[in-house]
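> The structure file structure-v7.pdb (PDB, C-alpha atoms) is provided below.
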MODEL        1
ATOM      1  CA  MET A   1      13.246  -8.095  -2.945
ATOM      2  CA  ARG A   2       9.886  -7.110  -4.399
ATOM      3  CA  ILE A   3       9.605  -4.211  -6.839
ATOM      4  CA  GLY A   4       6.033  -4.069  -8.142
ATOM      5  CA  ASN A   5       5.437  -7.408  -9.852
ATOM      6  CA  LEU A   6       9.193  -7.956 -10.236
ATOM      7  CA  ARG A   7      11.126 -10.178  -7.844
ATOM      8  CA  ALA A   8      14.888  -9.785  -7.399
ATOM      9  CA  PHE A   9      16.777 -12.608  -5.702
ATOM     10  CA  TYR A  10      20.129 -11.630  -4.264
ATOM     11  CA  ASP A  11      22.885 -12.676  -1.897
ATOM     12  CA  VAL A  12      25.246 -10.806   0.410
ATOM     13  CA  THR A  13      28.191 -12.635   1.944
ATOM     14  CA  LEU A  14      30.086 -12.003   5.169
ATOM     15  CA  GLU A  15      33.345 -11.854   3.212
ATOM     16  CA  HIS A  16      32.053  -8.972   1.048
ATOM     17  CA  PRO A  17      29.226  -7.299   2.996
ATOM     18  CA  ASN A  18      29.223  -4.243   0.710
ATOM     19  CA  ILE A  19      28.566  -6.282  -2.426
ATOM     20  CA  VAL A  20      25.075  -7.383  -3.416
ATOM     21  CA  LYS A  21      25.081 -10.246  -5.908
ATOM     22  CA  ILE A  22      21.929 -10.426  -8.038
ATOM     23  CA  LEU A  23      21.077 -14.109  -8.531
ATOM     24  CA  ALA A  24      17.923 -13.775 -10.623
ATOM     25  CA  VAL A  25      15.150 -11.388 -11.554
ATOM     26  CA  GLY A  26      11.663 -12.589 -12.370
ATOM     27  CA  TYR A  27       8.066 -11.471 -12.329
ATOM     28  CA  LYS A  28       4.957 -12.736 -10.623
ATOM     29  CA  GLU A  29       1.519 -13.294 -12.100
ATOM     30  CA  GLY A  30      -1.017 -14.542  -9.580
ATOM     31  CA  ASN A  31       0.551 -17.482  -7.751
ATOM     32  CA  THR A  32       3.165 -18.159 -10.455
ATOM     33  CA  LEU A  33       6.711 -16.826 -10.495
ATOM     34  CA  PHE A  34       8.478 -16.579 -13.861
ATOM     35  CA  ILE A  35      12.275 -16.590 -14.092
ATOM     36  CA  ALA A  36      13.977 -16.866 -17.493
ATOM     37  CA  GLY A  37      10.580 -17.442 -19.093
ATOM     38  CA  LYS A  38       9.828 -20.503 -16.978
ATOM     39  CA  GLY A  39       6.977 -20.380 -14.493
ATOM     40  CA  GLY A  40       6.414 -22.288 -11.309
ATOM     41  CA  GLU A  41       3.834 -22.224  -8.553
ATOM     42  CA  VAL A  42       5.010 -19.995  -5.714
ATOM     43  CA  MET A  43       2.945 -21.463  -2.897
ATOM     44  CA  LYS A  44       0.659 -24.380  -2.335
ATOM     45  CA  THR A  45      -2.513 -23.571  -0.428
ATOM     46  CA  ILE A  46      -4.706 -25.829   1.662
ATOM     47  CA  GLU A  47      -8.070 -24.828   3.058
ATOM     48  CA  ILE A  48      -7.950 -25.794   6.745
ATOM     49  CA  GLU A  49     -11.564 -26.902   6.671
ATOM     50  CA  LYS A  50     -10.803 -29.299   3.784
ATOM     51  CA  ALA A  51      -7.493 -30.692   5.073
ATOM     52  CA  SER A  52      -7.876 -34.427   5.383
ATOM     53  CA  LYS A  53      -4.385 -35.558   6.414
ATOM     54  CA  PRO A  54      -2.429 -35.086   9.633
ATOM     55  CA  LEU A  55      -0.145 -32.024   9.622
ATOM     56  CA  SER A  56       2.911 -34.291   9.550
ATOM     57  CA  GLU A  57       1.835 -35.606   6.129
ATOM     58  CA  TYR A  58       1.703 -32.118   4.644
ATOM     59  CA  THR A  59       5.178 -31.255   5.952
ATOM     60  CA  LYS A  60       6.852 -34.310   4.342
ATOM     61  CA  GLY A  61       6.935 -32.835   0.845
ATOM     62  CA  ILE A  62       8.117 -29.383   1.840
ATOM     63  CA  ASP A  63      11.636 -28.554   0.716
ATOM     64  CA  LYS A  64      11.951 -24.953  -0.469
ATOM     65  CA  GLU A  65       8.229 -24.442  -0.814
ATOM     66  CA  ILE A  66       5.710 -22.678   1.357
ATOM     67  CA  LEU A  67       2.468 -24.351   2.319
ATOM     68  CA  VAL A  68      -0.193 -21.741   3.075
ATOM     69  CA  LEU A  69      -3.027 -22.678   5.401
ATOM     70  CA  ALA A  70      -6.170 -20.755   4.526
ATOM     71  CA  SER A  71      -9.601 -20.319   6.015
ATOM     72  CA  ASN A  72     -12.349 -19.110   3.681
ATOM     73  CA  GLU A  73      -9.658 -18.491   1.026
ATOM     74  CA  LYS A  74      -7.765 -16.101   3.321
ATOM     75  CA  PRO A  75      -4.243 -17.039   4.477
ATOM     76  CA  VAL A  76      -4.024 -17.584   8.235
ATOM     77  CA  ALA A  77      -0.711 -19.431   8.651
ATOM     78  CA  ALA A  78       2.150 -20.929   6.682
ATOM     79  CA  ILE A  79       4.366 -23.966   6.955
ATOM     80  CA  VAL A  80       7.839 -23.124   5.715
ATOM     81  CA  SER A  81      10.865 -25.363   5.344
ATOM     82  CA  LEU A  82      13.797 -24.143   7.408
ATOM     83  CA  LYS A  83      16.247 -26.302   5.471
ATOM     84  CA  ASP A  84      19.140 -24.113   4.314
ATOM     85  CA  VAL A  85      17.703 -21.042   6.093
ATOM     86  CA  ASP A  86      20.018 -19.161   8.395
ATOM     87  CA  MET A  87      18.520 -18.063  11.695
ATOM     88  CA  GLU A  88      19.445 -14.405  11.108
ATOM     89  CA  SER A  89      17.270 -14.227   7.983
ATOM     90  CA  LEU A  90      14.439 -15.961   9.793
ATOM     91  CA  SER A  91      14.728 -13.603  12.737
ATOM     92  CA  LEU A  92      14.796 -10.488  10.520
ATOM     93  CA  SER A  93      11.740 -11.614   8.574
ATOM     94  CA  THR A  94       9.673 -11.556  11.767
ATOM     95  CA  ASN A  95      11.262  -8.484  13.360
ATOM     96  CA  PRO A  96       8.800  -5.543  13.448
ATOM     97  CA  ASP A  97      11.585  -2.919  13.362
ATOM     98  CA  PHE A  98      13.197  -4.513  10.301
ATOM     99  CA  MET A  99       9.809  -4.864   8.605
ATOM    100  CA  GLU A 100       9.201  -1.141   9.237
ATOM    101  CA  ILE A 101      12.506  -0.365   7.463
ATOM    102  CA  ILE A 102      11.378  -2.497   4.515
ATOM    103  CA  LYS A 103       7.976  -0.763   4.477
ATOM    104  CA  LYS A 104       9.605   2.695   4.474
ATOM    105  CA  SER A 105      11.977   1.631   1.697
ATOM    106  CA  ARG A 106       9.052   0.478  -0.435
ATOM    107  CA  GLU A 107       7.243   3.772   0.179
ATOM    108  CA  ASP A 108      10.380   5.727  -0.748
ATOM    109  CA  PHE A 109      10.725   3.668  -3.929
ATOM    110  CA  LYS A 110       7.135   4.469  -4.922
ATOM    111  CA  LEU A 111       7.938   8.169  -4.423
ATOM    112  CA  GLY A 112      10.893   7.870  -6.804
ATOM    113  CA  LYS A 113      13.556   7.836  -4.100
ATOM    114  CA  LYS A 114      15.811   5.177  -5.556
ATOM    115  CA  LEU A 115      19.384   4.614  -6.643
ATOM    116  CA  SER A 116      20.845   2.935  -9.690
ATOM    117  CA  LEU A 117      23.269   0.080  -9.070
ATOM    118  CA  ASN A 118      26.218   2.398  -9.717
ATOM    119  CA  GLU A 119      24.817   5.043  -7.362
ATOM    120  CA  MET A 120      24.315   2.374  -4.698
ATOM    121  CA  LYS A 121      27.918   1.217  -5.113
ATOM    122  CA  GLU A 122      29.133   4.798  -4.667
ATOM    123  CA  GLU A 123      27.016   5.230  -1.533
ATOM    124  CA  LEU A 124      28.475   2.039  -0.064
ATOM    125  CA  LYS A 125      32.026   3.121  -0.874
ATOM    126  CA  ASN A 126      31.458   6.321   1.096
ATOM    127  CA  MET A 127      30.248   4.534   4.213
TER     128      MET A 127
ENDMDL
END
For this file, write the structure as structure tokens.

Amino acid sequence: MRIGNLRAFYDVTLEHPNIVKILAVGYKEGNTLFIAGKGGEVMKTIEIEKASKPLSEYTKGIDKEILVLASNEKPVAAIVSLKDVDMESLSLSTNPDFMEIIKKSREDFKLGKKLSLNEMKEELKNM
């Protein structure tokens, strides 16, 4: 989840769907993500016009990374590893209705409409 320049990584399991487990919180500066003070490149980028290898060569090194294909320094496509990705998450990430919910949530957050962790737990208990 993105909150300004902060990134929160979380998990929700089928066994406990009302519990959100926070795995890590970091922050992003440019193309580098910092977690526990350690930074790493978020995405590798290749200018399509400068790509010199077949596409299959670029996909060999992809594990949990994202390879962004750019044209004139603007992203136009991405190659993403689907290793260890469940199809539901993949489907939601490209679903316009779900993305609209995310957009509205981000707008609400900017307007101060947010809950603390304890408030969120109480809301979930009452569902």
> So the first atom is CA of Ala36 (chain A) and the second is CA of Arg7 (chain A); what is the distance between them in Å, to one decimal place?
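Distance reported for this atom pair: 12.1 Å.
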> Could you list the residues chosen by the PyMOL selection byres ((chain A and resi 74-84) around 12) in this structure as JSON, numbers by chain?
{"A": [43, 44, 45, 46, 47, 48, 49, 55, 56, 57, 58, 59, 60, 61, 62, 63, 64, 65, 66, 67, 68, 69, 70, 71, 72, 73, 85, 86, 87, 88, 89, 90, 91]}
> Got a sec: who's within 12 Å of Asn126 (chain A), counting all atoms listed in the file, leaving out chain neighbours fewer than 6 positions off, as a ChimeraX atom specification?
/A:18,119-120
> How many Å lie between CA of Asp97 (chain A) and CA of Val12 (chain A), rounded to one decimal?
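Between these atoms lies a distance of 20.4 Å.
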> Choose the residue, out of A:Lys121, A:Lys103, A:Lys50, A:Lys113, that has the smallest atom-to-atom separation from Met1 (chain A); count all atoms listed in the file.
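Once distances to Met1 (chain A) are computed over all atoms listed in the file, the minimum belongs to A:Lys103.
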> Have a look at A:Leu117, A:Ala51, A:Leu6, A:Ile101 and name the one nearest to Val20 (chain A); count all atoms listed in the file.
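Checking each of A:Leu117, A:Ala51, A:Leu6, A:Ile101 against Val20 (chain A), counting all atoms listed in the file, the winner is A:Leu117.
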> What do you get, as a PyMOL selection string, if you spell out every residue that the PyMOL selection byres ((chain A and resi 19) around 12) selects here?
chain A and resi 10-18+20-22+117-118+120-125
> For CA of Leu23 (chain A) and CA of Arg106 (chain A), determine how far apart the two atoms are, in Å to one decimal place.
20.6 Å
> Hey, what comes out of the PyMOL selection byres ((chain A and resi 26) around 10) on this file? Could you write it as a ChimeraX atom specification?
/A:2,5-9,24-25,27-28,33-39
> Once 8 Å is added on each side, what are the centre and the three edge lengths, in Å to one decimal, of the axis-aligned box enclosing the listed atoms of region 19-34 of chain A? Present them as lines of an AutoDock Vina configuration file.

center_x = 13.8
center_y = -12.2
center_z = -8.1
size_x = 45.6
size_y = 27.9
size_z = 27.4
